file upload.txt (compact mmCIF, C-alpha atoms)
# COMPACT_ATOMS: atom_id res chain seq x y z
CA MET J 1 18.71 -1.20 24.67
CA ASP J 2 14.97 -1.75 25.00
CA SER J 3 14.31 -5.47 24.44
CA ARG J 4 11.41 -4.64 22.12
CA ILE J 5 13.67 -2.66 19.79
CA ARG J 6 16.16 -5.51 19.84
CA THR J 7 13.34 -7.84 18.70
CA TYR J 8 12.54 -5.53 15.76
CA GLN J 9 16.22 -5.31 14.83
CA ILE J 10 16.66 -9.09 14.84
CA ALA J 11 13.59 -9.47 12.61
CA ALA J 12 14.84 -6.73 10.27
CA ASP J 13 18.31 -8.32 10.08
CA TYR J 14 16.74 -11.64 9.09
CA ILE J 15 14.71 -9.95 6.35
CA ARG J 16 17.79 -8.09 5.06
CA GLN J 17 19.59 -11.42 4.68
CA GLN J 18 16.80 -12.59 2.37
CA ILE J 19 16.54 -9.47 0.19
CA GLY J 20 20.13 -8.36 -0.33
CA GLY J 21 20.40 -4.66 -1.11
CA LEU J 22 16.70 -3.89 -1.49
CA THR J 23 15.66 -0.89 0.63
CA PRO J 24 11.86 -0.58 0.76
CA LEU J 25 10.42 2.91 0.52
CA VAL J 26 6.80 1.88 1.00
CA GLY J 27 5.19 -0.59 3.37
CA ILE J 28 1.77 -1.98 2.53
CA VAL J 29 -0.57 -3.80 4.92
CA LEU J 30 -3.14 -5.93 3.11
CA GLY J 31 -6.39 -6.76 4.88
CA SER J 32 -8.91 -9.58 4.56
CA GLY J 33 -9.26 -10.71 0.95
CA LEU J 34 -6.91 -8.00 -0.32
CA GLY J 35 -3.73 -10.05 -0.54
CA ARG J 36 -3.95 -10.21 -4.34
CA LEU J 37 -2.12 -6.90 -4.59
CA ALA J 38 0.99 -8.86 -3.65
CA ASP J 39 0.65 -10.77 -6.96
CA GLN J 40 1.49 -7.52 -8.80
CA ILE J 41 4.81 -7.02 -7.02
CA GLU J 42 7.68 -7.56 -9.45
CA ASP J 43 10.67 -9.80 -8.67
CA PRO J 44 9.05 -10.84 -5.40
CA VAL J 45 10.84 -12.31 -2.42
CA VAL J 46 8.36 -14.16 -0.19
CA ILE J 47 9.18 -14.44 3.51
CA PRO J 48 6.65 -16.32 5.67
CA TYR J 49 6.04 -14.72 9.04
CA LYS J 50 6.63 -18.08 10.73
CA SER J 51 10.27 -18.00 9.55
CA ILE J 52 11.03 -14.56 11.05
CA PRO J 53 12.46 -14.55 14.59
CA GLY J 54 10.01 -13.11 17.10
CA PHE J 55 7.04 -12.96 14.70
CA PRO J 56 3.59 -14.40 15.44
CA VAL J 57 1.48 -16.25 12.86
CA SER J 58 -1.56 -14.67 11.23
CA THR J 59 -4.67 -16.79 11.87
CA ALA J 60 -7.42 -14.56 10.42
CA VAL J 61 -9.58 -15.63 7.46
CA GLY J 62 -8.10 -14.42 4.15
CA HIS J 63 -4.63 -13.66 5.56
CA LYS J 64 -1.79 -15.69 4.03
CA GLY J 65 0.91 -14.63 6.49
CA ASN J 66 3.83 -13.49 4.33
CA PHE J 67 6.02 -10.49 3.70
CA ILE J 68 6.35 -9.89 -0.04
CA LEU J 69 9.28 -7.67 -1.06
CA GLY J 70 9.98 -6.35 -4.55
CA ARG J 71 8.92 -3.50 -6.82
CA LEU J 72 5.51 -1.92 -7.38
CA GLY J 73 4.93 1.24 -9.38
CA GLY J 74 8.67 1.38 -10.01
CA LYS J 75 9.44 1.67 -6.28
CA GLU J 76 10.83 -0.82 -3.80
CA VAL J 77 8.06 -2.01 -1.47
CA MET J 78 7.33 -4.55 1.21
CA ALA J 79 3.80 -5.82 1.68
CA MET J 80 2.27 -7.65 4.60
CA GLN J 81 0.07 -10.31 3.03
CA GLY J 82 -2.08 -10.53 6.12
CA ARG J 83 -1.87 -8.73 9.45
CA PHE J 84 -2.07 -9.55 13.15
CA HIS J 85 -5.19 -8.68 15.15
CA TYR J 86 -5.83 -8.00 18.81
CA TYR J 87 -8.74 -10.45 18.69
CA GLU J 88 -6.34 -13.28 17.83
CA GLY J 89 -5.05 -12.97 21.38
CA TYR J 90 -1.84 -11.13 20.55
CA PRO J 91 -0.71 -8.19 22.70
CA MET J 92 -0.38 -4.84 20.95
CA GLU J 93 3.39 -5.30 20.85
CA LEU J 94 2.90 -8.23 18.45
CA VAL J 95 -0.10 -6.74 16.62
CA THR J 96 2.20 -3.94 15.48
CA ILE J 97 5.49 -5.83 15.12
CA GLY J 98 5.29 -5.79 11.32
CA VAL J 99 5.10 -2.00 11.14
CA ARG J 100 7.88 -1.54 13.69
CA THR J 101 10.07 -3.89 11.67
CA MET J 102 9.29 -1.90 8.53
CA ALA J 103 10.44 1.24 10.33
CA VAL J 104 13.76 -0.36 11.25
CA LEU J 105 14.18 -1.34 7.57
CA GLY J 106 13.76 2.30 6.54
CA VAL J 107 10.18 2.37 5.24
CA GLN J 108 8.95 5.98 4.93
CA TYR J 109 5.36 5.51 3.76
CA LEU J 110 2.73 3.09 5.06
CA PHE J 111 -0.31 2.17 2.97
CA VAL J 112 -2.89 0.32 5.09
CA SER J 113 -5.97 -1.42 3.75
CA ASN J 114 -8.85 -3.30 5.28
CA ALA J 115 -12.25 -4.81 4.66
CA ALA J 116 -14.86 -2.81 6.56
CA GLY J 117 -18.55 -2.62 7.21
CA ALA J 118 -20.40 0.53 6.17
CA ALA J 119 -22.10 2.52 8.93
CA ASN J 120 -22.67 5.35 6.44
CA PRO J 121 -25.92 4.57 4.59
CA ASP J 122 -24.56 6.27 1.45
CA PHE J 123 -21.82 3.63 1.09
CA ARG J 124 -22.32 0.46 -0.94
CA ILE J 125 -20.63 -2.93 -1.05
CA GLY J 126 -17.51 -2.66 -3.21
CA ASP J 127 -16.90 1.04 -2.53
CA LEU J 128 -13.30 2.15 -2.06
CA VAL J 129 -13.16 4.58 0.86
CA VAL J 130 -10.19 6.78 1.71
CA ILE J 131 -9.78 6.89 5.48
CA ARG J 132 -9.56 10.52 6.56
CA ASP J 133 -9.59 9.93 10.32
CA HIS J 134 -10.40 7.27 12.90
CA ILE J 135 -12.08 6.59 16.23
CA SER J 136 -10.37 3.97 18.36
CA PHE J 137 -11.84 1.56 20.90
CA PHE J 138 -8.53 -0.34 21.03
CA PRO J 139 -5.97 -0.24 23.82
CA ASN J 140 -3.38 2.27 22.67
CA PRO J 141 -0.26 0.43 21.39
CA LEU J 142 1.99 3.16 22.85
CA ILE J 143 0.98 2.38 26.45
CA GLY J 144 4.02 1.40 28.48
CA PRO J 145 7.63 2.63 28.47
CA ASN J 146 8.22 4.83 25.43
CA MET J 147 10.76 3.75 22.84
CA GLU J 148 12.51 7.10 22.53
CA GLU J 149 14.68 5.86 19.65
CA LEU J 150 11.54 5.44 17.54
CA GLY J 151 9.30 8.35 18.49
CA PRO J 152 7.93 10.81 21.08
CA ARG J 153 6.19 9.97 24.34
CA PHE J 154 3.11 12.03 23.43
CA LEU J 155 2.13 11.65 19.79
CA ASP J 156 0.04 14.20 17.92
CA MET J 157 -2.63 12.53 15.77
CA THR J 158 -4.19 15.62 14.18
CA CYS J 159 -3.33 14.52 10.62
CA ALA J 160 -2.66 10.83 11.17
CA TYR J 161 -3.76 10.13 7.58
CA ASP J 162 -1.57 12.23 5.33
CA LEU J 163 -3.51 14.99 3.57
CA GLU J 164 -1.19 15.11 0.55
CA LEU J 165 -1.51 11.36 0.06
CA GLN J 166 -5.30 11.66 0.22
CA GLN J 167 -5.16 14.27 -2.55
CA LEU J 168 -2.79 12.09 -4.57
CA ALA J 169 -5.28 9.22 -4.25
CA GLN J 170 -8.05 11.41 -5.62
CA THR J 171 -5.87 12.55 -8.54
CA CYS J 172 -4.97 8.96 -9.46
CA ALA J 173 -8.57 7.80 -9.06
CA ASP J 174 -9.82 10.55 -11.36
CA ARG J 175 -7.31 9.49 -14.01
CA GLN J 176 -8.42 5.86 -13.72
CA GLY J 177 -12.13 6.62 -13.58
CA VAL J 178 -12.41 5.08 -10.13
CA LYS J 179 -14.94 6.49 -7.68
CA LEU J 180 -13.66 7.17 -4.18
CA GLN J 181 -15.56 7.84 -1.00
CA LYS J 182 -14.04 9.36 2.14
CA GLY J 183 -14.85 8.45 5.69
CA VAL J 184 -13.97 7.96 9.35
CA TYR J 185 -12.92 4.45 10.35
CA PHE J 186 -14.10 3.12 13.70
CA GLY J 187 -11.97 0.33 15.14
CA SER J 188 -13.03 -2.08 17.88
CA THR J 189 -11.42 -5.24 19.16
CA GLY J 190 -13.80 -7.84 17.68
CA PRO J 191 -14.01 -10.71 16.96
CA THR J 192 -17.78 -10.28 17.20
CA TYR J 193 -19.46 -8.15 14.59
CA GLU J 194 -21.31 -5.14 15.91
CA THR J 195 -24.83 -5.37 17.33
CA PRO J 196 -27.44 -3.13 15.70
CA ALA J 197 -27.47 -0.93 18.82
CA GLU J 198 -23.69 -0.56 18.61
CA VAL J 199 -23.90 0.33 14.92
CA ARG J 200 -26.41 3.08 15.66
CA PHE J 201 -24.18 4.40 18.47
CA TYR J 202 -21.01 4.35 16.38
CA ARG J 203 -22.78 6.13 13.56
CA GLN J 204 -24.00 8.82 15.96
CA ILE J 205 -20.47 9.55 17.14
CA GLY J 206 -19.17 9.96 13.59
CA ALA J 207 -18.24 6.54 12.19
CA ASP J 208 -18.59 5.81 8.49
CA LEU J 209 -16.70 2.49 8.51
CA LEU J 210 -16.50 -0.31 11.08
CA GLY J 211 -13.58 -2.70 11.47
CA MET J 212 -11.27 -4.65 13.77
CA SER J 213 -7.79 -3.60 12.61
CA THR J 214 -5.64 -0.83 11.11
CA ILE J 215 -5.67 1.75 13.92
CA PRO J 216 -2.88 0.21 16.05
CA GLU J 217 -0.68 0.02 12.92
CA VAL J 218 -1.40 3.64 12.04
CA ILE J 219 -0.54 4.83 15.54
CA VAL J 220 2.84 3.08 15.62
CA ALA J 221 3.60 4.16 12.03
CA ARG J 222 3.03 7.78 12.99
CA HIS J 223 5.09 7.25 16.14
CA CYS J 224 7.94 6.16 13.85
CA GLY J 225 7.48 9.18 11.58
CA MET J 226 5.95 7.37 8.60
CA ARG J 227 3.47 9.09 6.32
CA VAL J 228 0.24 7.08 6.27
CA PHE J 229 -2.44 6.45 3.66
CA GLY J 230 -5.46 4.33 4.55
CA MET J 231 -8.17 2.71 2.44
CA SER J 232 -11.16 0.55 3.27
CA VAL J 233 -13.08 -1.71 0.93
CA VAL J 234 -16.74 -1.87 1.92
CA THR J 235 -17.59 -5.55 2.16
CA ASN J 236 -20.91 -5.40 3.98
CA CYS J 237 -23.49 -2.85 5.03
CA ALA J 238 -23.93 -2.58 8.77
CA ASN J 239 -27.16 -3.85 10.30
CA PHE J 240 -28.99 -0.93 11.89
CA ASP J 241 -31.97 -3.09 12.84
CA ASN J 242 -32.41 -6.54 14.33
CA LEU J 243 -33.06 -8.22 10.99
CA PRO J 244 -31.82 -11.81 10.58
CA GLN J 245 -31.44 -11.48 6.79
CA ALA J 246 -28.60 -8.99 7.32
CA LEU J 247 -26.19 -11.31 9.12
CA ASN J 248 -22.43 -10.80 8.74
CA ASP J 249 -20.18 -13.62 7.57
CA GLY J 250 -16.36 -13.76 7.46
CA ASP J 251 -16.17 -15.73 4.21
CA ASP J 252 -18.44 -13.26 2.43
CA VAL J 253 -16.25 -10.38 3.61
CA VAL J 254 -13.26 -12.02 1.90
CA LYS J 255 -15.30 -12.62 -1.26
CA GLN J 256 -16.41 -9.00 -1.52
CA ALA J 257 -12.90 -7.69 -0.79
CA ASP J 258 -11.44 -9.92 -3.48
CA ALA J 259 -13.85 -8.45 -6.03
CA ALA J 260 -12.59 -4.93 -5.28
CA ALA J 261 -8.90 -5.83 -4.98
CA GLU J 262 -8.08 -5.09 -8.63
CA ARG J 263 -9.26 -1.47 -8.41
CA MET J 264 -7.40 -0.93 -5.16
CA THR J 265 -4.25 -2.48 -6.62
CA GLY J 266 -4.35 -0.15 -9.60
CA LEU J 267 -4.80 2.86 -7.37
CA PHE J 268 -2.00 1.92 -4.96
CA SER J 269 0.37 1.23 -7.87
CA ALA J 270 -0.35 4.61 -9.45
CA MET J 271 0.10 6.44 -6.16
CA ILE J 272 3.38 4.68 -5.33
CA ALA J 273 4.74 5.49 -8.81
CA LEU J 274 4.31 9.19 -8.03
CA LEU J 275 5.96 9.22 -4.61
call {"tool": "encode", "arguments": {"input": "upload.txt", "output": "C-alpha cells"}}
result
Amino acid sequence: MDSRIRTYQIAADYIRQQIGGLTPLVGIVLGSGLGRLADQIEDPVVIPYKSIPGFPVSTAVGHKGNFILGRLGGKEVMAMQGRFHYYEGYPMELVTIGVRTMAVLGVQYLFVSNAAGAANPDFRIGDLVVIRDHISFFPNPLIGPNMEELGPRFLDMTCAYDLELQQLAQTCADRQGVKLQKGVYFGSTGPTYETPAEVRFYRQIGADLLGMSTIPEVIVARHCGMRVFGMSVVTNCANFDNLPQALNDGDDVVKQADAAAERMTGLFSAMIALL
C-alpha cells in the first residue's frame, strides 16, 4: 500500500474513534476569519489537528486548527476550522491531508471557503462570491506517483466547481435575500500580497479574486470524486496602482471575513439541508 494512503487511513481511524458512528456527508474548509461557521454545528465533537497522527499544525492568522464534527442543516458534516497553506512551508501532501482524510471517511461533498482580494473592480468588501473556476500558480498536488485507489492519473477539471451546487447556492441566496457575485479565483503561493503590476496582470488573464489557498484542496477533492462548491468573501480590494493608502493587512482580512461569516453560514446551512 502507498505510504501516503496509509497515513490518511491512520488519521481517519483516529477520527472515527472520537466520533463513534457519525458518517460525514459534507466536508467544509473554513478560511481566514470564517471559522465561526463551526459554532453553528450541532452536537459538535472538536478534534485538534495536533492530536491527529500525521497531521501538521495550522499557523495562519485566523485559523484555529480543529476538525469540528456534528450536524449542520440536518446533515452530518465535518469542518476544518483552519487549513494548511503552501506558504507555511508544508509540502502539497500535507497541505491537502485534511481533504484526503475526509475522502477516506466517506465525505461526498466539499464546501471550500476563503478570504480573497478583489481584482474585479465591480466587487466590494464583504461581497460573497461563488467560485466558478480557477487559475492556479501552485505546484499541482497530484505531481508524483498517482494514488490509483483514490483517483485517475490524469484528472479532468472542466467543471471542477459543481454547476448544480452553484445553482443551488443561487436559489438559497435568493430565498434569503443575499446578493451573490460569481468569479474566477486566482491562487498563488504567497505569503506576500500581490504587487500592483501582478494585480493588473492577473486581472488581464481573467482573475476576479486573488488568494493563497483553496485550489490544491479542490484538485485533490475532485481527484477523490467529491463534488465541490467554492465561495470567497471579499476582504480587500486589490491595489492596481502604487498607492500607499491601499496597503493589505492580515488582521484586517480576518476582521472583514468575520463580518461576512454570518451570511455565508446561513447560505451553507441552507444548501447542505437540500443535499
call {"tool": "closest_residue", "arguments": {"input": "upload.txt", "among": "J:Thr96, J:Thr189, J:Asn146, J:Thr265", "to": "Val220 of chain J", "atoms": "all atoms listed in the file"}}
result
J:Thr96
call {"tool": "closest_residue", "arguments": {"input": "upload.txt", "among": "J:Gly31, J:Pro56, J:Gly183, J:Gly70", "to": "Pro44 of chain J", "atoms": "only C-alpha atoms"}}
result
J:Gly70
call {"tool": "residues_around", "arguments": {"input": "upload.txt", "residues": "Ile97 of chain J", "least_positions_apart": "2", "cutoff": "12 Å", "atoms": "all atoms listed in the file", "output": "PyMOL selection string"}}
result
chain J and resi 4-12+49+52-58+80+83-85+90-95+99-104+141+216-217+220-221
call {"tool": "closest_residue", "arguments": {"input": "upload.txt", "among": "J:Ala116, J:Ala261, J:Val107, J:Ala270", "to": "Leu37 of chain J", "atoms": "all atoms listed in the file"}}
result
J:Ala261
call {"tool": "atom_distance", "arguments": {"input": "upload.txt", "atom1": "atom CA of Thr235 of chain J", "atom2": "atom CA of Pro139 of chain J"}}
result
25.1 Å
call {"tool": "atom_distance", "arguments": {"input": "upload.txt", "atom1": "atom CA of Leu163 of chain J", "atom2": "atom CA of Leu34 of chain J"}}
result
23.6 Å
call {"tool": "closest_residue", "arguments": {"input": "upload.txt", "among": "J:Ile19, J:Ile125, J:Ala238, J:Val26", "to": "Glu194 of chain J", "atoms": "all atoms listed in the file"}}
result
J:Ala238
call {"tool": "residues_near_point", "arguments": {"input": "upload.txt", "point": "(-4.3, 15.5, 13.6)", "cutoff": "12 Å", "atoms": "only C-alpha atoms", "output": "JSON list (two decimals) with C-alpha atoms, in the coordinates of the input"}}
result
[["chain", "number", "residue", "atom", "x", "y", "z"],
["J", 132, "ARG", "CA", -9.56, 10.52, 6.56],
["J", 133, "ASP", "CA", -9.59, 9.93, 10.32],
["J", 134, "HIS", "CA", -10.40, 7.27, 12.90],
["J", 155, "LEU", "CA", 2.13, 11.65, 19.79],
["J", 156, "ASP", "CA", 0.04, 14.20, 17.92],
["J", 157, "MET", "CA", -2.63, 12.53, 15.77],
["J", 158, "THR", "CA", -4.19, 15.62, 14.18],
["J", 159, "CYS", "CA", -3.33, 14.52, 10.62],
["J", 160, "ALA", "CA", -2.66, 10.83, 11.17],
["J", 161, "TYR", "CA", -3.76, 10.13, 7.58],
["J", 162, "ASP", "CA", -1.57, 12.23, 5.33],
["J", 163, "LEU", "CA", -3.51, 14.99, 3.57],
["J", 219, "ILE", "CA", -0.54, 4.83, 15.54],
["J", 222, "ARG", "CA", 3.03, 7.78, 12.99]]
call {"tool": "closest_residue", "arguments": {"input": "upload.txt", "among": "J:Arg227, J:Gln81, J:Ala259, J:Phe186", "to": "Gln204 of chain J", "atoms": "only C-alpha atoms"}}
result
J:Phe186
call {"tool": "closest_residue", "arguments": {"input": "upload.txt", "among": "J:Leu209, J:Ala273, J:Cys172, J:Met231", "to": "Arg71 of chain J", "atoms": "only C-alpha atoms"}}
result
J:Ala273
call {"tool": "atom_distance", "arguments": {"input": "upload.txt", "atom1": "atom CA of Asn66 of chain J", "atom2": "atom CA of Ile47 of chain J"}}
result
5.5 Å
call {"tool": "residues_near_point", "arguments": {"input": "upload.txt", "point": "(-8.5, 2.9, 10.5)", "cutoff": "7 Å", "atoms": "all atoms listed in the file", "output": "tab-separated table (two decimals) with C-alpha atoms, in the coordinates of the input"}}
result
chain	number	residue	atom	x	y	z
J	131	ILE	CA	-9.78	6.89	5.48
J	134	HIS	CA	-10.40	7.27	12.90
J	185	TYR	CA	-12.92	4.45	10.35
J	186	PHE	CA	-14.10	3.12	13.70
J	187	GLY	CA	-11.97	0.33	15.14
J	213	SER	CA	-7.79	-3.60	12.61
J	214	THR	CA	-5.64	-0.83	11.11
J	215	ILE	CA	-5.67	1.75	13.92
J	230	GLY	CA	-5.46	4.33	4.55
call {"tool": "residues_around", "arguments": {"input": "upload.txt", "residues": "Leu275 of chain J", "least_positions_apart": "3", "cutoff": "12 Å", "atoms": "all atoms listed in the file", "output": "ChimeraX atom specification"}}
result
/J:25-26,72-77,108-110,164-165,168-169,172,227,268-272
